[in-house]
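Enquirer: A single structure is presented below for examination.
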Amino acid sequence: MIYKLKNVIQEYKWGSKTEIQKLLGLSNNKAINNKPINRPMAELWMGAHPKAPSEVIKENGNIPLTKLINNNPDKVLGEKVAKEFGAKLPFLFKVLAAGQSLSIQSHPNINQAESGYEEENSKNIPLDAKNRNYKDKNHKPELICALTEFWAMRGFRPIPDIDTELKSLKLESLKNITEYFFDNLTKTGLKDFFNAIMRIDEKVKLVREVLEKTENLKESRYQWIRKLNKEHPDDIGVICPLLLNIVKLEPGQAMFLPAGELHSYLLGTGMEIMANSDNVLRGGLTAKHIDVDELLKTLTFESGLPEIILPTNTDKNEDSYISRAEEFKLFRINLDTGSEYKKTDIETIEIMIITEGSCRINSPDLKSTIQADKGDSFLIEACTEKYSINGKCLIFKATV
């Protein structure tokens with residue numbers, strides 16, 4: 001069967017006040033739960049994460065997607081997926097809208113997630129506690145595909161570039177630390193150097209010196225240093241553009257983040273897909289829980305220029321984004337007026353959202369055609385025989 005979904009909006013401080021609202025057609029003169037619409041809306045979750053599962057809209061009443069899956073995982077997920085992942089949707093699909101920067105963060109690998117989860121359980125730290133790092137036992141590789149111009153920090157810059165940068169700035173606050181780094185331009189040297197920075201006693205002094213030394217420099221990373229300081233004054237994360245790659249994604253471009261990759265999304269709206277996890281380890285640029293020791297334990301300290309993923313054409317109207325994750329795959333379907341998208345070889349669950357235009361969805365399983373508009377999302381069970389989509393629209397599709 002094919003069902004429309006009702007999804008949860010996550011409201012975080014860094015969220016945009018306009019982008020998810022525009023996608024869903026929410027008017028600023030209305031309110032949700034007696035709160036104004038023009039408040040920060042950060043993420044629209046489509047999936048079955050226990051924290052905020054989507055609701056499946058059915059004639060006899062909505063049910064959580066978690067329950068639909070539990071009732072018949074082979075039918076909903078597909079036999080192969082159910083066998084590999086159990087009665088769980090292995091991915092979480094999101095619209096992410098950043099009005100300002102997210103925290104400097106990384107995600108654990110599967111072994112780190114399992115041990116961290118068990119350790120915090122043994123300490124009786126509640127799952128909803130503010131100081132909880134590990135909300136589940138899963139890792140969280142993720143892929144972000146830009147809907148608008150999208151800015152991020154991602155991974156350490158090439159070590160020679162960091163070396164050149166720091167020598168030119170001559171930061172007195174880091175003199176002892178940089179002298180060691182200049183003599184150890186290796187992965188180990190980078191690890192020790194970043195550890196020392198994150199634990200430096202006079203963080204405010206360092207941030208203010210960096211601001212002073214770069215105030216008249218016009219390169220993008222210096223502009224981001226100034227912007228980050230306005231959002232998070234004197235936070236150690238403000239200096240991260242000196243060490244991390246600044247990435248600008250154009251609409252349709254994507255980026256994959258494996259476990260242990262230090263990053264921060266800075267500004268823009270995108271489609272995000274990840275393994276079904278909410279494990280985040282933060283080091284700065286946030287009022288949320290920060291655990292520098294745990295963050296540093298998870299980082300791989302790989303350096304170099306990040307790879308930009310371009311869509312690969314897989315069908316007349318369909319492109320895919322290739323990543324190394326086993327849990328998910330992202331597709332983009334682009335239809336012009338009069339064109340049609342057909343699917344017959346359905347093996348796994350599919351979740352779709354329309355980001356532009358409108359369409360009609362047809363299937364032998366349906367009593368009537370589904371009319372879907374911008375902002376609508378829908379679920380296609382693995383047991384669906386076939387379906388077709390007609391209209392003028394842009395759709396993003398998540399599957400296993």
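Going through the structure tokens in order, the chains are called A, B, and so on, while each chain numbers its residues from 1 and the ligands are numbered from 1 in the order shown.
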Determine which residues of segment 131-380 of chain A DSSP labels as helix (DSSP H, G or I) from the backbone of this structure, then write them out as a count of residues only.
Expert: 72
Enquirer: Tell me which protein, DNA and RNA residues are within 8 Å of Cys383 of chain A, counting only C-alpha atoms, leaving out same-chain ones fewer than 6 positions away, and put them as a PDB file with C-alpha atoms, in the first residue's frame.
Expert:
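Now in out14.pdb:
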ATOM      1  CA  MET A   1       0.000   0.000   0.000  1.00  0.00           C
ATOM      2  CA  LYS A  75       5.314  -6.571   4.240  1.00  0.00           C
ATOM      3  CA  VAL A  76       6.323  -3.016   5.112  1.00  0.00           C
ATOM      4  CA  GLY A  78      10.668  -6.051   2.670  1.00  0.00           C
ATOM      5  CA  ILE A 346       9.900  -2.609  -5.405  1.00  0.00           C
ATOM      6  CA  GLU A 347      11.931  -4.600  -2.875  1.00  0.00           C
TER       7      GLU A 347
END
Enquirer: Could you pull the residues within 12 Å of Ile9 of chain A, counting only C-alpha atoms, minus those fewer than 6 positions along the same chain, as number ranges by chain?
Expert: A: 15-16, 20-21, 24, 32, 37, 39-46, 51-54, 94-97
Enquirer: Please save C-alpha atoms of the selected residues as an mmCIF file, in the first residue's frame.
Expert:
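So the final result, stored in again-v2.cif, reads:
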data_model
loop_
_atom_site.group_PDB
_atom_site.id
_atom_site.type_symbol
_atom_site.label_atom_id
_atom_site.label_comp_id
_atom_site.auth_asym_id
_atom_site.auth_seq_id
_atom_site.Cartn_x
_atom_site.Cartn_y
_atom_site.Cartn_z
ATOM 1 C CA GLY A 15 16.439 26.313 13.002
ATOM 2 C CA SER A 16 15.223 28.584 10.215
ATOM 3 C CA ILE A 20 10.186 24.449 6.655
ATOM 4 C CA GLN A 21 7.242 26.818 6.927
ATOM 5 C CA LEU A 24 4.731 22.917 4.307
ATOM 6 C CA ILE A 32 0.482 25.701 15.894
ATOM 7 C CA ILE A 37 4.675 29.987 12.984
ATOM 8 C CA ARG A 39 9.760 30.485 15.191
ATOM 9 C CA PRO A 40 12.853 28.364 14.564
ATOM 10 C CA MET A 41 11.894 25.076 12.899
ATOM 11 C CA ALA A 42 15.007 22.975 12.439
ATOM 12 C CA GLU A 43 14.112 19.488 11.196
ATOM 13 C CA LEU A 44 11.164 17.608 9.735
ATOM 14 C CA TRP A 45 11.586 13.938 10.678
ATOM 15 C CA MET A 46 10.289 11.232 8.346
ATOM 16 C CA LYS A 51 11.801 9.780 19.754
ATOM 17 C CA ALA A 52 9.451 11.086 17.048
ATOM 18 C CA PRO A 53 7.982 8.484 14.656
ATOM 19 C CA SER A 54 5.930 9.591 11.656
ATOM 20 C CA LYS A 94 14.858 14.670 7.339
ATOM 21 C CA VAL A 95 14.402 18.115 5.940
ATOM 22 C CA LEU A 96 17.082 20.153 7.732
ATOM 23 C CA ALA A 97 16.771 23.953 7.788
#
Enquirer: If you count only C-alpha atoms, which residues fall within 12 Å of Glu165 of chain A, apart from same-chain ones fewer than 2 positions away, as a CSV table (one decimal) with N, CA and C atoms, in the first residue's frame?
Expert:
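Contents of out14.csv, freshly written:
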chain,number,residue,atom,x,y,z
A,157,ARG,N,41.2,20.4,7.5
A,157,ARG,CA,41.9,20.8,6.2
A,157,ARG,C,43.2,20.0,6.0
A,158,PRO,N,43.7,20.0,4.8
A,158,PRO,CA,45.0,19.3,4.7
A,158,PRO,C,46.0,19.9,5.7
A,159,ILE,N,46.8,19.1,6.3
A,159,ILE,CA,47.7,19.5,7.3
A,159,ILE,C,48.7,20.6,6.8
A,160,PRO,N,49.2,20.6,5.6
A,160,PRO,CA,50.1,21.7,5.2
A,160,PRO,C,49.3,23.0,5.2
A,161,ASP,N,48.0,23.0,4.9
A,161,ASP,CA,47.3,24.2,4.8
A,161,ASP,C,47.1,24.8,6.3
A,162,ILE,N,46.8,23.9,7.2
A,162,ILE,CA,46.7,24.3,8.6
A,162,ILE,C,48.0,24.9,9.1
A,163,ASP,N,49.1,24.2,8.7
A,163,ASP,CA,50.5,24.7,9.1
A,163,ASP,C,50.7,26.1,8.6
A,167,LYS,N,51.1,29.6,10.9
A,167,LYS,CA,52.4,30.3,10.9
A,167,LYS,C,52.2,31.8,10.4
A,168,SER,N,51.2,32.0,9.6
A,168,SER,CA,51.0,33.4,9.1
A,168,SER,C,50.3,34.2,10.2
A,169,LEU,N,49.4,33.6,11.0
A,169,LEU,CA,48.7,34.3,12.0
A,169,LEU,C,49.5,34.6,13.3
A,170,LYS,N,50.5,33.7,13.6
A,170,LYS,CA,51.4,33.9,14.7
A,170,LYS,C,50.6,34.2,16.0
A,171,LEU,N,49.8,33.2,16.4
A,171,LEU,CA,48.9,33.4,17.6
A,171,LEU,C,49.7,33.1,18.8
A,178,THR,N,51.5,25.3,19.1
A,178,THR,CA,51.8,25.3,17.7
A,178,THR,C,53.3,24.9,17.4
A,182,PHE,N,54.1,22.2,14.7
A,182,PHE,CA,55.0,22.5,13.5
A,182,PHE,C,56.1,21.4,13.4
A,210,VAL,N,42.2,35.5,17.8
A,210,VAL,CA,41.9,35.1,16.4
A,210,VAL,C,41.1,36.1,15.7
A,213,LYS,N,43.3,39.2,14.9
A,213,LYS,CA,44.2,38.9,13.8
A,213,LYS,C,43.5,38.8,12.4
A,214,THR,N,42.3,38.4,12.4
A,214,THR,CA,41.6,38.1,11.1
A,214,THR,C,40.5,39.2,10.8
A,221,ARG,N,36.6,31.8,5.2
A,221,ARG,CA,36.7,31.2,6.6
A,221,ARG,C,36.8,32.3,7.6
A,222,TYR,N,37.4,33.4,7.3
A,222,TYR,CA,37.4,34.5,8.3
A,222,TYR,C,36.1,35.2,8.4
A,241,PRO,N,36.9,27.3,11.7
A,241,PRO,CA,37.2,27.5,10.3
A,241,PRO,C,38.7,27.6,10.0
A,242,LEU,N,39.6,27.8,11.0
A,242,LEU,CA,41.0,27.8,10.7
A,242,LEU,C,41.5,26.3,10.5
A,243,LEU,N,40.8,25.4,11.1
A,243,LEU,CA,41.2,24.0,11.1
A,243,LEU,C,40.4,23.1,10.2
A,244,LEU,N,39.1,23.4,10.0
A,244,LEU,CA,38.2,22.6,9.2
A,244,LEU,C,37.9,23.2,7.8
Enquirer: Tell me which protein, DNA and RNA residues are within 7 Å of segment 84-89 of chain A, counting only C-alpha atoms, leaving out same-chain ones fewer than 2 positions away, and put them as a PDB file with C-alpha atoms, in the first residue's frame.
Expert:
ATOM      1  CA  ALA A  48      10.376   5.506  12.736  1.00  0.00           C
ATOM      2  CA  ILE A  69       6.339  -1.950  10.843  1.00  0.00           C
ATOM      3  CA  ASN A  70       6.039  -4.097  13.979  1.00  0.00           C
ATOM      4  CA  PRO A  73       7.939  -6.090   8.990  1.00  0.00           C
ATOM      5  CA  LYS A  80      15.610  -8.774   2.964  1.00  0.00           C
ATOM      6  CA  VAL A  81      15.534  -5.596   5.052  1.00  0.00           C
ATOM      7  CA  ALA A  82      13.576  -7.240   7.872  1.00  0.00           C
ATOM      8  CA  PHE A  91      17.272   5.060   8.215  1.00  0.00           C
TER       9      PHE A  91
END
Enquirer: Pick out each residue of segment 109-223 of chain A that DSSP on the backbone tags as strand (DSSP E); I need them as a PyMOL selection string.
Expert: chain A and resi 142-146+150-156
Enquirer: I need the chosen residues saved as a short mmCIF file (atom, residue, chain, number, x, y, z; two decimals), in the first residue's frame, with N, CA and C atoms.
Expert:
data_model
loop_
_atom_site.label_atom_id
_atom_site.label_comp_id
_atom_site.auth_asym_id
_atom_site.auth_seq_id
_atom_site.Cartn_x
_atom_site.Cartn_y
_atom_site.Cartn_z
N GLU A 142 25.79 9.79 7.70
CA GLU A 142 24.72 10.63 7.16
C GLU A 142 25.13 11.29 5.85
N LEU A 143 24.12 11.66 5.09
CA LEU A 143 24.33 12.34 3.81
C LEU A 143 23.41 13.55 3.77
N ILE A 144 23.94 14.70 3.35
CA ILE A 144 23.15 15.91 3.21
C ILE A 144 23.16 16.33 1.74
N CYS A 145 21.98 16.60 1.20
CA CYS A 145 21.84 17.06 -0.18
C CYS A 145 21.19 18.44 -0.15
N ALA A 146 21.82 19.43 -0.76
CA ALA A 146 21.37 20.81 -0.66
C ALA A 146 20.09 21.07 -1.46
N PHE A 150 24.05 25.81 0.53
CA PHE A 150 24.21 25.19 1.84
C PHE A 150 25.68 25.26 2.27
N TRP A 151 25.92 25.82 3.45
CA TRP A 151 27.28 25.99 3.97
C TRP A 151 27.53 25.05 5.14
N ALA A 152 28.75 24.52 5.21
CA ALA A 152 29.10 23.60 6.29
C ALA A 152 30.59 23.66 6.56
N MET A 153 30.98 23.19 7.73
CA MET A 153 32.37 22.84 8.01
C MET A 153 32.43 21.32 8.03
N ARG A 154 33.47 20.76 7.42
CA ARG A 154 33.51 19.30 7.32
C ARG A 154 34.94 18.77 7.23
N GLY A 155 35.38 18.09 8.26
CA GLY A 155 36.69 17.44 8.24
C GLY A 155 37.85 18.42 8.35
N PHE A 156 38.98 17.93 8.81
CA PHE A 156 40.17 18.78 8.95
C PHE A 156 40.76 19.12 7.59
#
Enquirer: May I have the residues within 12 Å of Ala287 of chain A as a PyMOL selection string, using only C-alpha atoms and disregarding those fewer than 2 positions away in the same chain?
Expert: chain A and resi 12-14+101-104+130-131+231-233+235+282-285+289-291
Enquirer: If we count only C-alpha atoms and set the cut-off at 12 Å, which residues sit around Thr188 of chain A, ignoring sequence neighbours fewer than 3 positions away in its own chain? Please answer as a ChimeraX atom specification.
Expert: /A:159,180-181,183-185,191-195,299-303
Enquirer: Could you check which of A:Asp345, A:Glu327, A:Glu79, A:Asp278 is closest to Lys386 of chain A, using only C-alpha atoms?
Expert: A:Asp345
Enquirer: So which one's closest to Tyr134 of chain A, A:Ile110, A:Asn62, A:Asn279, A:Val207? Using only C-alpha atoms, please.
Expert: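 Of the candidates, the smallest distance to Tyr134 of chain A is held by A:Asn279.
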Enquirer: So the first atom is atom CA of Thr66 of chain A and the second is atom CA of Gln10 of chain A; what is the distance between them in Å, to one decimal place?
Expert: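 Atom-to-atom, atom CA of Thr66 of chain A and atom CA of Gln10 of chain A are spaced 18.2 Å apart.
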